[in-house]
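One structure below.
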Amino acid sequence: MPEDYLPILAMVVVVIGFAAAALVVSAITGPRKPNPAKLSPYESGMPPFGSARRRISIRYYLTAVLFILFDIEIVFFYPWAVLFRQLGLFGLIEMAIFVAILLVGYVYVWRKGGFDWD
Amino acid sequence: MNLDLNLQVIAPALIVALSLLLVLLGEVFLPASQRRWLGYLALIGLLGAAVVAAMLWGANLSGFGKMVVADAFGLFLTLIILLGAALSVLLAFDFVRAHQLDTGEFFALVLSAVVGMIGMVTATDLIVIFLALELLSLPLYVLAAFKRADKRSLEAGLKYFLLGAFASAFFLYGIAFVFGGTGTTNLGRIAAVLGASPRSDVALVGMGLLGVGFAFKVALVPFHWWTPDVYEGAPTVVTAFMSVAVKAAAFGAFFRVFLVALPELAADWRALLAVIAVLTMTLGNVAALLQSNVKRMLAYSSIAHAGYILIALVAMGVNGAGSALFYLLAYTLTNLGAFGAVIALSDGTRERLELNDFAGVAKAQPLVAAALTILLLSLAGFPPFAGFTGKFFIFGAAVESGWAWLAVIGVLNSLISAYFYLRPVVQMYMVEPAGGWNRLRVAPFVAFVLAIAVIGVLALGIVPAPVIALASGGFLK
């Protein structure tokens with residue numbers, strides 16, 4: 001069976017070759033006219049200020065974790081919404097149970113003060 | 001819709017999950033003085049799940065496209081896990097209050113780990129086993145670090161988390177290799193493919209990686225390094241719960257994967273696991289000899305016991321699996337009881353952890369001292385206690401399957417272990433009491449756990465026949 005994986009090996013070789021070729025060609029042929037704006041970390045963004053090694057409030061982590069939780073909920077909603085008609089009542093009940101479980105978590109975080117900044 | 005949703009199969013886990021949600025809601029809606037009820041709620045959930053699991057006995061249901069089964073093997077382990085969790089909850093009632101831990105969260109995390117454990121012993125698909133393994137591990141990382149103000153508890157949680165995440169990666173990589181070699185993650189089909197096709201090196205690599213993942217979870221040498229630190233640092237109740245329930249769950253999946261999916265590779269893994277069993281038993285017992293801290297000693301002893309149970313896996317067959325189930329039940333009762341005795345002898349939040357702290361305890365607390373003595377003798381494998389019959393069945397299975405030398409090393413190890421198990425006993429009965437300890441009344445729940453453990457250990461030791469018959473009936477097929 002290892003020969004079944006030959007196309008994957010070929011693709012790996014092509015991908016690495018293409019990436020290397022693109023870098024080499026642009027390094028050789030590309031024009032170089034640097035100016036301060038071009039050399040800044042974000043060419044079209046905000047000019048950077050201060051060090052990135054500042055202390056950040058621990059609350060950001062809680063917010064981020066909560067965001068991930070409810071973001072994943074949305075990810076599960078998409079395939080369900082696409083297949084809603086096929087799944088019918090069964091799908092509706094399943095999703096209601098799923099949301100109810102997440103709601104318990106939501107109520108828990110809310111009552112525990114997870115959403116309060118101070 | 002053509003979905004094989006047989007909710008009956010996962011009913012025990014569903015009941016535990018439901019009580020977990022109720023406990024979480026109770027934690028935020030009940031006033032702090034009423035949160036004690038959450039422990040009762042958790043107990044009701046565990047008992048309800050046990051009743052349902054007992055009702056499913058003998059039906060051999062399967063569901064979700066044969067990804068989950070409720071066979072006798074899985075249900076027996078489910079009942080062991082529920083028993084271990086229920087006894088831990090009983091121990092925790094007064095412990096969480098004395099140590100000012102968050103009551104609701106504690107019980108919720110225990111219940112959530114139990115859901116994962118039940119999933120692990122009833123799953124017949126590698127993906128489901130992995131999912132359950134994570135569901136089991138994540139709450140335990142938090143529980144190990146549950147005493148937030150205690151540096152050693154935090155250290156325990158962090159160590160357990162980092163090494164556990166690493167082991168999970170090994171396990172997942174193993175699943176990928178087994179899938180690469182056989183084209184399926186279903187345990188039964190893996191065995192069929194391996195039996196029909198020529199030897200697959202890819203699957204062999206997968207087997208090794210899966211073995212590493214399991215070896216970490218049940219603490220086999222050389223993947224045992226986390227155990228002493230985590231067991232010592234974690235709150236005593238959590239250590240008690242971890243040492244029994246995680247072992248039962250992880251060994252359940254270990255046996256199922258190796259006996260159902262990989263019997264074709266037995267020639268490869270039997271000798272390997274036999275060597276690991278010898279190393280695990282010997283290192284666990286020899287290291288336990290050197291400990292002066294009782295929690296560390298029990299941690300090394302739990303490593304040694306994992307080695308004994310591994311002998312049963314090497315023995316394979318009905319006797320191997322049956323004796324392992326019996327041993328896990330005996331070990332659950334004995335070890336929880338021993339930790340319960342440590343909790344019973346504590347003075348508020350101050351626990352007797354060093355060996356000299358046990359000096360003269362027999363005079364102050366004769367009943368607890370007697371219970372602890374019985375439980376330690378059972379751990380050492382003295383008749384007529386459960387530890388003796390458990391070892392008897394395991395070594396018997398090893399001899400019958402032609403691994404007599406392994407049984408001999410097991411017996412020699414039991415002899416070594418008698419020394420360190422008897423050290424606290426000597427301290428309790430033969431040394432004059434040291435001052436500075438208040439004699440506190442033992443909490444009724446803790447006394448109840450001790451009573452159950454002692455009665456169970458005696459019952460399993462004197463009349464093991466009905467239980468070993470049930471356990472052997474739970475053979476995987």
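Quick note on naming: the chains in the structure tokens go A, B, ... in the order shown, residues restart at 1 in each chain, and ligands are numbered from 1 in order of appearance.
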- Taking only C-alpha atoms into account, report as a ChimeraX atom specification which residues of chain B lie within 12 Å of chain A. /B:1-3,5,17-30,102,104-105,108,180-183,197-198,200-202
Would you write out those residues with N, CA and C atoms, as a compact mmCIF listing (two decimals), in the first residue's frame?
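See selection_2.txt below for the written result:
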```
# COMPACT_ATOMS: atom_id res chain seq x y z
N MET B 1 -33.94 9.46 8.01
CA MET B 1 -32.81 9.45 8.93
C MET B 1 -32.44 8.02 9.28
N ASN B 2 -31.19 7.69 9.14
CA ASN B 2 -30.76 6.35 9.47
C ASN B 2 -29.65 6.42 10.52
N LEU B 3 -30.02 6.96 11.67
CA LEU B 3 -29.02 7.09 12.73
C LEU B 3 -29.25 6.01 13.77
N LEU B 5 -29.12 5.79 16.98
CA LEU B 5 -29.02 6.49 18.26
C LEU B 5 -29.64 5.65 19.35
N ALA B 17 -24.06 13.13 33.41
CA ALA B 17 -23.91 14.44 32.77
C ALA B 17 -25.03 15.37 33.19
N LEU B 18 -26.26 14.81 33.30
CA LEU B 18 -27.40 15.64 33.71
C LEU B 18 -27.18 16.17 35.13
N SER B 19 -26.73 15.29 36.03
CA SER B 19 -26.52 15.76 37.41
C SER B 19 -25.38 16.77 37.44
N LEU B 20 -24.42 16.64 36.51
CA LEU B 20 -23.33 17.63 36.42
C LEU B 20 -23.91 19.01 36.09
N LEU B 21 -24.85 19.07 35.12
CA LEU B 21 -25.44 20.37 34.75
C LEU B 21 -26.21 20.95 35.93
N LEU B 22 -26.95 20.08 36.64
CA LEU B 22 -27.74 20.57 37.78
C LEU B 22 -26.81 21.10 38.88
N VAL B 23 -25.69 20.40 39.11
CA VAL B 23 -24.76 20.85 40.14
C VAL B 23 -24.19 22.22 39.77
N LEU B 24 -23.88 22.40 38.48
CA LEU B 24 -23.33 23.70 38.04
C LEU B 24 -24.35 24.81 38.27
N LEU B 25 -25.62 24.54 37.94
CA LEU B 25 -26.65 25.55 38.14
C LEU B 25 -26.84 25.81 39.63
N GLY B 26 -26.81 24.73 40.42
CA GLY B 26 -26.98 24.89 41.86
C GLY B 26 -25.89 25.73 42.47
N GLU B 27 -24.67 25.57 41.96
CA GLU B 27 -23.54 26.32 42.48
C GLU B 27 -23.78 27.82 42.37
N VAL B 28 -24.41 28.28 41.28
CA VAL B 28 -24.58 29.71 41.11
C VAL B 28 -25.90 30.23 41.65
N PHE B 29 -26.90 29.35 41.86
CA PHE B 29 -28.18 29.86 42.32
C PHE B 29 -28.43 29.61 43.81
N LEU B 30 -27.76 28.62 44.40
CA LEU B 30 -27.95 28.37 45.83
C LEU B 30 -27.06 29.30 46.64
N ASP B 102 -13.95 25.32 46.50
CA ASP B 102 -15.26 25.64 45.91
C ASP B 102 -16.08 24.37 45.78
N GLY B 104 -19.32 23.50 44.65
CA GLY B 104 -20.03 23.09 43.44
C GLY B 104 -19.07 22.70 42.33
N GLU B 105 -18.04 23.51 42.14
CA GLU B 105 -17.08 23.22 41.08
C GLU B 105 -16.41 21.88 41.32
N ALA B 108 -18.80 19.18 40.38
CA ALA B 108 -19.05 19.23 38.94
C ALA B 108 -17.87 18.63 38.18
N GLY B 180 -3.88 4.36 9.57
CA GLY B 180 -3.09 4.25 8.33
C GLY B 180 -2.84 2.80 7.95
N GLY B 181 -2.63 1.95 8.95
CA GLY B 181 -2.31 0.55 8.67
C GLY B 181 -3.52 -0.30 8.37
N THR B 182 -4.70 0.08 8.89
CA THR B 182 -5.85 -0.80 8.75
C THR B 182 -7.02 -0.13 8.06
N GLY B 183 -7.05 1.19 7.98
CA GLY B 183 -8.14 1.89 7.31
C GLY B 183 -9.41 1.99 8.13
N SER B 197 -4.85 -9.50 6.59
CA SER B 197 -3.77 -8.98 5.74
C SER B 197 -2.41 -9.37 6.31
N PRO B 198 -1.35 -9.28 5.50
CA PRO B 198 -0.01 -9.56 6.03
C PRO B 198 0.38 -8.52 7.08
N SER B 200 1.46 -5.66 9.27
CA SER B 200 1.56 -4.25 8.90
C SER B 200 2.46 -3.52 9.88
N ASP B 201 3.60 -3.03 9.37
CA ASP B 201 4.52 -2.31 10.26
C ASP B 201 3.91 -1.00 10.74
N VAL B 202 3.07 -0.39 9.87
CA VAL B 202 2.44 0.88 10.25
C VAL B 202 1.56 0.68 11.48
```
- Task: Write out as a ChimeraX atom specification which residues come within 9 Å of B:Leu265 when counting only C-alpha atoms, dropping same-chain ones fewer than 2 positions away.
- Result: /B:194,199,204,207,258,262-263,267-270
Go ahead and write the selection's residues with C-alpha atoms as an mmCIF file, in the first residue's frame.
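Dumped everything to again_20.cif:
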```cif
data_model
loop_
_atom_site.group_PDB
_atom_site.id
_atom_site.type_symbol
_atom_site.label_atom_id
_atom_site.label_comp_id
_atom_site.auth_asym_id
_atom_site.auth_seq_id
_atom_site.Cartn_x
_atom_site.Cartn_y
_atom_site.Cartn_z
ATOM 1 C CA LEU B 194 -5.040 -7.293 10.818
ATOM 2 C CA ARG B 199 1.858 -8.043 8.955
ATOM 3 C CA LEU B 204 2.745 -1.957 14.752
ATOM 4 C CA MET B 207 0.250 -0.096 18.653
ATOM 5 C CA PHE B 258 -5.210 -4.646 23.063
ATOM 6 C CA LEU B 262 -4.761 -5.990 18.501
ATOM 7 C CA PRO B 263 -4.814 -9.708 19.455
ATOM 8 C CA ALA B 267 3.252 -11.964 19.846
ATOM 9 C CA ASP B 268 4.735 -8.470 19.629
ATOM 10 C CA TRP B 269 3.162 -6.804 22.652
ATOM 11 C CA ARG B 270 3.034 -9.644 25.170
#
```
Name all residues at most 9 Å from B:Phe395 (count only C-alpha atoms; drop same-chain ones fewer than 6 positions away) and give them as a PDB file with C-alpha atoms, in the first residue's frame.
```pdb
ATOM      1  CA  TYR B 308       0.280  -6.344  38.865  1.00  0.00           C
ATOM      2  CA  ILE B 311       0.331  -9.104  34.315  1.00  0.00           C
ATOM      3  CA  ALA B 312      -3.357  -9.874  33.748  1.00  0.00           C
ATOM      4  CA  ALA B 315      -2.012 -13.411  30.506  1.00  0.00           C
ATOM      5  CA  SER B 323      -8.899 -11.245  37.243  1.00  0.00           C
ATOM      6  CA  TRP B 403       3.832 -16.907  32.185  1.00  0.00           C
ATOM      7  CA  ALA B 404       4.758 -18.522  35.483  1.00  0.00           C
ATOM      8  CA  LEU B 406       5.995 -13.334  35.702  1.00  0.00           C
ATOM      9  CA  ALA B 407       3.824 -14.601  38.553  1.00  0.00           C
ATOM     10  CA  VAL B 408       6.948 -15.497  40.550  1.00  0.00           C
ATOM     11  CA  GLY B 410       4.873 -10.653  41.206  1.00  0.00           C
ATOM     12  CA  VAL B 411       4.928 -12.746  44.387  1.00  0.00           C
TER      13      VAL B 411
END
```
- Message: Let's see if you can do this: from backbone DSSP, list all helix (DSSP H, G or I) residues in chain A, as number ranges by chain.
- Response: A: 2-29, 36-39, 59-82, 84-111
- Query: Hey, what's within 12 Å of A:Phe98 if we count only C-alpha atoms and toss same-chain stuff fewer than 4 positions away? As a PyMOL selection string, please?
  - Reply: chain A and resi 70+72-74+76-77+80+91-94+102-105
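Between atom CA of B:Met242 and atom CA of B:Leu415 there is a distance of 25.8 Å.
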- The residue from B:Arg352, B:His305, B:Lys217, B:Arg296 with the smallest atom-to-atom distance to B:Gly387, counting only C-alpha atoms, is B:His305
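Distances from B:Leu143, B:Val399, B:Ile118, B:Val318 to B:Ile15 were compared using only C-alpha atoms, and the smallest one belongs to B:Ile118.
For the atom pair formed by atom CA of B:Gly337 and atom CA of B:Leu87, the distance is 8.8 Å, given to one decimal.
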